[in-house]
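The structure appears right after this line, and notes come after that.
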Amino acid sequence: MEFYFNAPERLQAACRLAAQALSGGERVLVYAPEAELATRLDRLMWTWSATGFVPHCALDDPLAPDTPVLIARDERVPADFHVLLNLATECPPHFARFERLLEVVGTDEAEREAARNRYRVYKSRGYGIASHDLARTDG
């Protein structure tokens with residue numbers, strides 16, 4: 001599990017992490033259960049980089065089987081997805097099914113407190129957690 005905290009722009013950081021995993025040959029399921037958040041992420045993934053985009057679609061899209069990054073609003077887990085990028089306030093109910101879990105935490109205090117709660121849940125279940133301060137690095 002990896003926590004990326006102090007993200008000045010949380011969705012930008014999510015796009016960057018999805019692109020990095022994709023460049024490493026991994027397929028990524030982005031868990032964004034709130035409709036508005038899923039829509040904002042979808043738009044941003046089309047435009048976030050001037051030199052490219054993150055090939056993605058919704059989990060229920062007909063192109064989903066051939067798309068490396070899926071945005072999901074529910075707990076379905078397609079085959080061959082080993083990376084979960086969580087954008088929900090709570091722990092994803094299906095996080096244990098994945099080999100890697102990426103958490104992106106912004107600078108808003110309510111968001112940070114929710115992340116602390118998720119961190120405690122993962123730690124209490126015995127998961128090792130790596131933390132990355134995005135305010136001190138390029139990502």
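By convention in this document, the chains of the structure tokens carry letters A, B, ... by their order, each chain's residues are numbered from 1, and ligands are numbered from 1 in the order they are shown.
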* Could you give me, as an MDAnalysis selection string, each residue of chain A that DSSP assigns to strand (DSSP E or B) when run on this structure's backbone? => chainID A and resid 2:5 28:31 49 52 56:58 69:72 83:86 100:104 130:133
* Asked: What lies within 10 Å of Ala14 of chain A using only C-alpha atoms, ignoring chain neighbours under 5 positions off, as JSON, numbers by chain?
  -> {"A": [4, 7, 9, 19, 20, 30, 41, 44, 45, 85, 86, 87, 102, 103, 104, 105]}
What would the file look like if the residues just selected were written as a short mmCIF file (atom, residue, chain, number, x, y, z; two decimals), in the first residue's frame with N, CA, C and O atoms?
data_model
loop_
_atom_site.label_atom_id
_atom_site.label_comp_id
_atom_site.auth_asym_id
_atom_site.auth_seq_id
_atom_site.Cartn_x
_atom_site.Cartn_y
_atom_site.Cartn_z
N TYR A 4 0.16 8.64 -1.05
CA TYR A 4 0.76 9.84 -1.65
C TYR A 4 0.01 11.01 -1.04
O TYR A 4 -1.16 11.24 -1.36
N ALA A 7 -0.88 16.22 -1.82
CA ALA A 7 -1.05 16.46 -3.26
C ALA A 7 -1.74 17.81 -3.45
O ALA A 7 -2.87 17.98 -3.01
N GLU A 9 -2.91 19.09 -6.13
CA GLU A 9 -4.06 18.82 -6.99
C GLU A 9 -4.26 17.31 -6.99
O GLU A 9 -3.57 16.58 -7.69
N ALA A 19 -0.85 6.88 -14.90
CA ALA A 19 0.04 6.85 -16.05
C ALA A 19 1.34 6.11 -15.74
O ALA A 19 1.85 5.36 -16.57
N GLN A 20 1.87 6.32 -14.54
CA GLN A 20 3.10 5.62 -14.14
C GLN A 20 2.88 4.11 -14.07
O GLN A 20 3.71 3.33 -14.55
N VAL A 30 -9.53 2.57 -10.94
CA VAL A 30 -9.67 3.76 -10.10
C VAL A 30 -11.04 3.69 -9.45
O VAL A 30 -12.05 3.67 -10.15
N LEU A 41 -12.65 13.24 -12.95
CA LEU A 41 -11.46 12.46 -13.26
C LEU A 41 -11.45 12.05 -14.73
O LEU A 41 -10.42 12.14 -15.40
N LEU A 44 -10.42 14.99 -16.82
CA LEU A 44 -9.02 15.34 -16.62
C LEU A 44 -8.09 14.33 -17.31
O LEU A 44 -7.07 14.71 -17.88
N MET A 45 -8.45 13.06 -17.28
CA MET A 45 -7.59 12.04 -17.91
C MET A 45 -7.47 12.23 -19.42
O MET A 45 -6.51 11.78 -20.02
N LEU A 85 -6.50 2.29 -7.35
CA LEU A 85 -6.23 3.67 -6.96
C LEU A 85 -7.51 4.18 -6.32
O LEU A 85 -8.55 4.29 -6.98
N ASN A 86 -7.46 4.45 -5.02
CA ASN A 86 -8.65 4.84 -4.28
C ASN A 86 -8.82 6.35 -4.23
O ASN A 86 -7.94 7.07 -3.78
N LEU A 87 -10.00 6.82 -4.65
CA LEU A 87 -10.35 8.22 -4.51
C LEU A 87 -11.57 8.41 -3.60
O LEU A 87 -12.11 9.49 -3.52
N LEU A 102 -3.15 2.28 -4.10
CA LEU A 102 -2.61 3.62 -4.11
C LEU A 102 -3.65 4.56 -3.53
O LEU A 102 -4.81 4.55 -3.96
N GLU A 103 -3.25 5.36 -2.57
CA GLU A 103 -4.13 6.35 -1.94
C GLU A 103 -3.55 7.73 -2.24
O GLU A 103 -2.35 7.96 -2.05
N VAL A 104 -4.38 8.64 -2.71
CA VAL A 104 -3.95 10.01 -2.99
C VAL A 104 -4.67 10.93 -2.02
O VAL A 104 -5.90 10.93 -1.95
N VAL A 105 -3.88 11.71 -1.28
CA VAL A 105 -4.43 12.58 -0.24
C VAL A 105 -4.04 14.01 -0.55
O VAL A 105 -2.86 14.33 -0.71
#
* **Long-range neighbours of Gly128 of chain A as a list in words, 10 Å cut-off, only C-alpha atoms, 5 positions minimum in chain** => Met1, Glu2, Tyr122 and Lys123 of chain A
Go ahead and dump the residues you just picked, C-alpha atoms, as a PDB file, in the first residue's frame.
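After the write, result-v8.pdb holds the following:
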ATOM      1  CA  MET A   1       0.000   0.000   0.000  1.00  0.00           C
ATOM      2  CA  GLU A   2       1.183   3.439  -0.878  1.00  0.00           C
ATOM      3  CA  TYR A 122      -4.963  -0.773   6.851  1.00  0.00           C
ATOM      4  CA  LYS A 123      -2.325  -0.734   9.609  1.00  0.00           C
TER       5      LYS A 123
END
* Within 10 Å of Leu22 of chain A using only C-alpha atoms, minus same-chain residues under 2 positions, as a PyMOL selection string -> chain A and resi 16-20+24-28+54-55+68-69+83
Using all heavy atoms, can you export the residues from the last selection as an mmCIF file, in the first residue's frame?
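Saved to out12.cif:
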data_model
loop_
_atom_site.group_PDB
_atom_site.id
_atom_site.type_symbol
_atom_site.label_atom_id
_atom_site.label_comp_id
_atom_site.auth_asym_id
_atom_site.auth_seq_id
_atom_site.Cartn_x
_atom_site.Cartn_y
_atom_site.Cartn_z
ATOM 1 N N ARG A 16 -1.310 11.127 -12.781
ATOM 2 C CA ARG A 16 0.120 10.829 -12.882
ATOM 3 C C ARG A 16 0.404 9.408 -12.390
ATOM 4 O O ARG A 16 1.145 8.659 -13.020
ATOM 5 C CB ARG A 16 0.943 11.851 -12.096
ATOM 6 C CG ARG A 16 2.439 11.642 -12.262
ATOM 7 C CD ARG A 16 3.295 12.752 -11.671
ATOM 8 N NE ARG A 16 2.925 13.136 -10.325
ATOM 9 C CZ ARG A 16 2.376 14.320 -9.997
ATOM 10 N NH1 ARG A 16 2.149 15.229 -10.895
ATOM 11 N NH2 ARG A 16 2.061 14.584 -8.748
ATOM 12 N N LEU A 17 -0.197 9.017 -11.261
ATOM 13 C CA LEU A 17 0.026 7.668 -10.726
ATOM 14 C C LEU A 17 -0.529 6.597 -11.661
ATOM 15 O O LEU A 17 0.101 5.553 -11.865
ATOM 16 C CB LEU A 17 -0.592 7.541 -9.335
ATOM 17 C CG LEU A 17 0.101 8.331 -8.245
ATOM 18 C CD1 LEU A 17 -0.731 8.301 -6.962
ATOM 19 C CD2 LEU A 17 1.500 7.800 -7.992
ATOM 20 N N ALA A 18 -1.698 6.852 -12.234
ATOM 21 C CA ALA A 18 -2.276 5.894 -13.177
ATOM 22 C C ALA A 18 -1.368 5.762 -14.404
ATOM 23 O O ALA A 18 -1.122 4.653 -14.883
ATOM 24 C CB ALA A 18 -3.673 6.330 -13.591
ATOM 25 N N ALA A 19 -0.852 6.876 -14.895
ATOM 26 C CA ALA A 19 0.041 6.847 -16.054
ATOM 27 C C ALA A 19 1.341 6.110 -15.736
ATOM 28 O O ALA A 19 1.851 5.356 -16.567
ATOM 29 C CB ALA A 19 0.333 8.271 -16.531
ATOM 30 N N GLN A 20 1.867 6.316 -14.536
ATOM 31 C CA GLN A 20 3.099 5.620 -14.141
ATOM 32 C C GLN A 20 2.877 4.113 -14.072
ATOM 33 O O GLN A 20 3.709 3.333 -14.549
ATOM 34 C CB GLN A 20 3.601 6.143 -12.794
ATOM 35 C CG GLN A 20 4.206 7.521 -12.870
ATOM 36 C CD GLN A 20 4.519 8.101 -11.493
ATOM 37 O OE1 GLN A 20 4.130 7.557 -10.458
ATOM 38 N NE2 GLN A 20 5.211 9.223 -11.489
ATOM 39 N N GLY A 24 4.368 1.024 -16.560
ATOM 40 C CA GLY A 24 5.009 -0.169 -16.029
ATOM 41 C C GLY A 24 4.293 -1.448 -16.428
ATOM 42 O O GLY A 24 4.595 -2.527 -15.919
ATOM 43 N N GLY A 25 3.307 -1.330 -17.320
ATOM 44 C CA GLY A 25 2.594 -2.507 -17.811
ATOM 45 C C GLY A 25 1.451 -2.965 -16.935
ATOM 46 O O GLY A 25 0.909 -4.049 -17.139
ATOM 47 N N GLU A 26 1.071 -2.155 -15.950
ATOM 48 C CA GLU A 26 -0.009 -2.552 -15.049
ATOM 49 C C GLU A 26 -1.334 -1.935 -15.493
ATOM 50 O O GLU A 26 -1.369 -0.831 -16.029
ATOM 51 C CB GLU A 26 0.306 -2.099 -13.625
ATOM 52 C CG GLU A 26 1.555 -2.762 -13.069
ATOM 53 C CD GLU A 26 1.859 -2.298 -11.661
ATOM 54 O OE1 GLU A 26 2.339 -1.152 -11.504
ATOM 55 O OE2 GLU A 26 1.610 -3.074 -10.739
ATOM 56 N N ARG A 27 -2.417 -2.666 -15.236
ATOM 57 C CA ARG A 27 -3.768 -2.147 -15.464
ATOM 58 C C ARG A 27 -4.262 -1.601 -14.136
ATOM 59 O O ARG A 27 -3.991 -2.175 -13.084
ATOM 60 C CB ARG A 27 -4.674 -3.246 -15.990
ATOM 61 C CG ARG A 27 -4.175 -3.781 -17.342
ATOM 62 C CD ARG A 27 -5.069 -4.847 -17.873
ATOM 63 N NE ARG A 27 -6.201 -4.189 -18.531
ATOM 64 C CZ ARG A 27 -7.296 -4.834 -18.924
ATOM 65 N NH1 ARG A 27 -7.420 -6.119 -18.717
ATOM 66 N NH2 ARG A 27 -8.271 -4.180 -19.523
ATOM 67 N N VAL A 28 -4.980 -0.489 -14.179
ATOM 68 C CA VAL A 28 -5.366 0.227 -12.974
ATOM 69 C C VAL A 28 -6.879 0.389 -12.906
ATOM 70 O O VAL A 28 -7.505 0.848 -13.863
ATOM 71 C CB VAL A 28 -4.715 1.633 -12.934
ATOM 72 C CG1 VAL A 28 -5.104 2.376 -11.662
ATOM 73 C CG2 VAL A 28 -3.204 1.535 -13.060
ATOM 74 N N VAL A 54 -4.286 9.457 -20.590
ATOM 75 C CA VAL A 54 -4.358 8.139 -19.974
ATOM 76 C C VAL A 54 -5.538 7.408 -20.610
ATOM 77 O O VAL A 54 -6.684 7.829 -20.451
ATOM 78 C CB VAL A 54 -4.554 8.254 -18.444
ATOM 79 C CG1 VAL A 54 -4.709 6.879 -17.822
ATOM 80 C CG2 VAL A 54 -3.405 9.013 -17.811
ATOM 81 N N PRO A 55 -5.282 6.337 -21.371
ATOM 82 C CA PRO A 55 -6.391 5.603 -21.995
ATOM 83 C C PRO A 55 -7.257 4.976 -20.912
ATOM 84 O O PRO A 55 -6.783 4.170 -20.112
ATOM 85 C CB PRO A 55 -5.706 4.557 -22.860
ATOM 86 C CG PRO A 55 -4.299 4.490 -22.402
ATOM 87 C CD PRO A 55 -3.990 5.735 -21.661
ATOM 88 N N PRO A 68 -6.792 -0.104 -20.412
ATOM 89 C CA PRO A 68 -5.891 -0.369 -19.288
ATOM 90 C C PRO A 68 -6.209 0.355 -17.987
ATOM 91 O O PRO A 68 -5.759 -0.057 -16.930
ATOM 92 C CB PRO A 68 -4.523 0.057 -19.815
ATOM 93 C CG PRO A 68 -4.824 1.074 -20.852
ATOM 94 C CD PRO A 68 -6.130 0.668 -21.468
ATOM 95 N N VAL A 69 -6.995 1.432 -18.049
ATOM 96 C CA VAL A 69 -7.370 2.162 -16.840
ATOM 97 C C VAL A 69 -8.887 2.298 -16.831
ATOM 98 O O VAL A 69 -9.475 2.831 -17.773
ATOM 99 C CB VAL A 69 -6.707 3.558 -16.776
ATOM 100 C CG1 VAL A 69 -7.176 4.323 -15.539
ATOM 101 C CG2 VAL A 69 -5.189 3.441 -16.780
ATOM 102 N N VAL A 83 -3.874 -3.261 -9.603
ATOM 103 C CA VAL A 83 -3.634 -1.983 -8.944
ATOM 104 C C VAL A 83 -4.970 -1.280 -8.737
ATOM 105 O O VAL A 83 -5.746 -1.121 -9.678
ATOM 106 C CB VAL A 83 -2.701 -1.073 -9.776
ATOM 107 C CG1 VAL A 83 -2.494 0.267 -9.093
ATOM 108 C CG2 VAL A 83 -1.368 -1.765 -10.029
#
* To do: Write out as number ranges by chain each polymer residue whose atoms come within 9 Å of Pro65 of chain A, counting only C-alpha atoms; drop sequence neighbours fewer than 4 positions from it.
  => A: 59, 61, 78-79
* To do: Using only C-alpha atoms, determine which residues lie at most 12 Å from segment 109-111 of chain A, disregarding the query and same-chain residues fewer than 6 positions distant; provide the list as a list in words.
  => Phe5, Asn6, Ala7, Arg10, Leu87, Ala88, Thr89, Glu90, Glu103, Asn117 and Arg118 of chain A
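In this model, the gap between atom CA of Arg76 of chain A and atom CA of Asp108 of chain A comes to 29.0 Å.
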* For each of A:Arg120, A:Arg73, A:Pro8, A:Trp46, take the minimum atom-to-atom distance to Pro33 of chain A, counting only C-alpha atoms, then give the residue where this is smallest. =>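 For Pro33 of chain A, the nearest of the given residues is A:Arg73.
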* Counting only C-alpha atoms, the residue of A:Ala135, A:Ala13, A:Val121, A:Leu63 that sits nearest Pro92 of chain A ->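 Smallest separation from Pro92 of chain A among the options: A:Val121.
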* Give me every alpha helix (DSSP H) residue in segment 12-139 of chain A, going by DSSP on the backbone, as a count of residues only. => 41
* Asked: Which is closest to Arg97 of chain A among A:Val77, A:Ile129, A:Ile71, A:Ala115, if we use only C-alpha atoms?
  ->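 Nearest candidate to Arg97 of chain A out of A:Val77, A:Ile129, A:Ile71, A:Ala115: A:Val77.
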Tell me which protein, DNA and RNA residues are within 12 Å of Arg43 of chain A, counting only C-alpha atoms, leaving out same-chain ones fewer than 3 positions away, and put them as a PDB file with C-alpha atoms, in the first residue's frame.
ATOM      1  CA  LEU A  11      -6.864  14.417  -9.354  1.00  0.00           C
ATOM      2  CA  GLN A  12      -3.716  15.539 -11.198  1.00  0.00           C
ATOM      3  CA  CYS A  15      -3.654  10.856 -13.302  1.00  0.00           C
ATOM      4  CA  GLU A  36     -19.215  13.986  -9.755  1.00  0.00           C
ATOM      5  CA  LEU A  37     -15.698  12.893  -8.833  1.00  0.00           C
ATOM      6  CA  ALA A  38     -15.702  10.110 -11.448  1.00  0.00           C
ATOM      7  CA  THR A  39     -16.827  12.607 -14.105  1.00  0.00           C
ATOM      8  CA  ARG A  40     -14.137  15.152 -13.164  1.00  0.00           C
ATOM      9  CA  TRP A  46      -8.344  13.203 -21.457  1.00  0.00           C
ATOM     10  CA  THR A  47      -6.551  16.529 -21.045  1.00  0.00           C
ATOM     11  CA  TRP A  48      -4.107  16.399 -18.132  1.00  0.00           C
ATOM     12  CA  SER A  49      -0.925  16.034 -20.181  1.00  0.00           C
ATOM     13  CA  PHE A  53      -3.558  11.096 -22.177  1.00  0.00           C
ATOM     14  CA  VAL A  54      -4.358   8.139 -19.974  1.00  0.00           C
ATOM     15  CA  PRO A  55      -6.391   5.603 -21.995  1.00  0.00           C
ATOM     16  CA  HIS A  56      -9.388   4.969 -19.799  1.00  0.00           C
ATOM     17  CA  CYS A  57     -13.131   4.449 -19.657  1.00  0.00           C
ATOM     18  CA  ALA A  58     -15.843   3.545 -17.189  1.00  0.00           C
ATOM     19  CA  ILE A  71     -12.971   4.197 -13.477  1.00  0.00           C
TER      20      ILE A  71
END
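Separating atom CA of Glu113 of chain A from atom CA of His132 of chain A is a distance of 16.7 Å.
Between atom CA of Ala35 of chain A and atom CA of Asp133 of chain A lies a distance of 27.8 Å.
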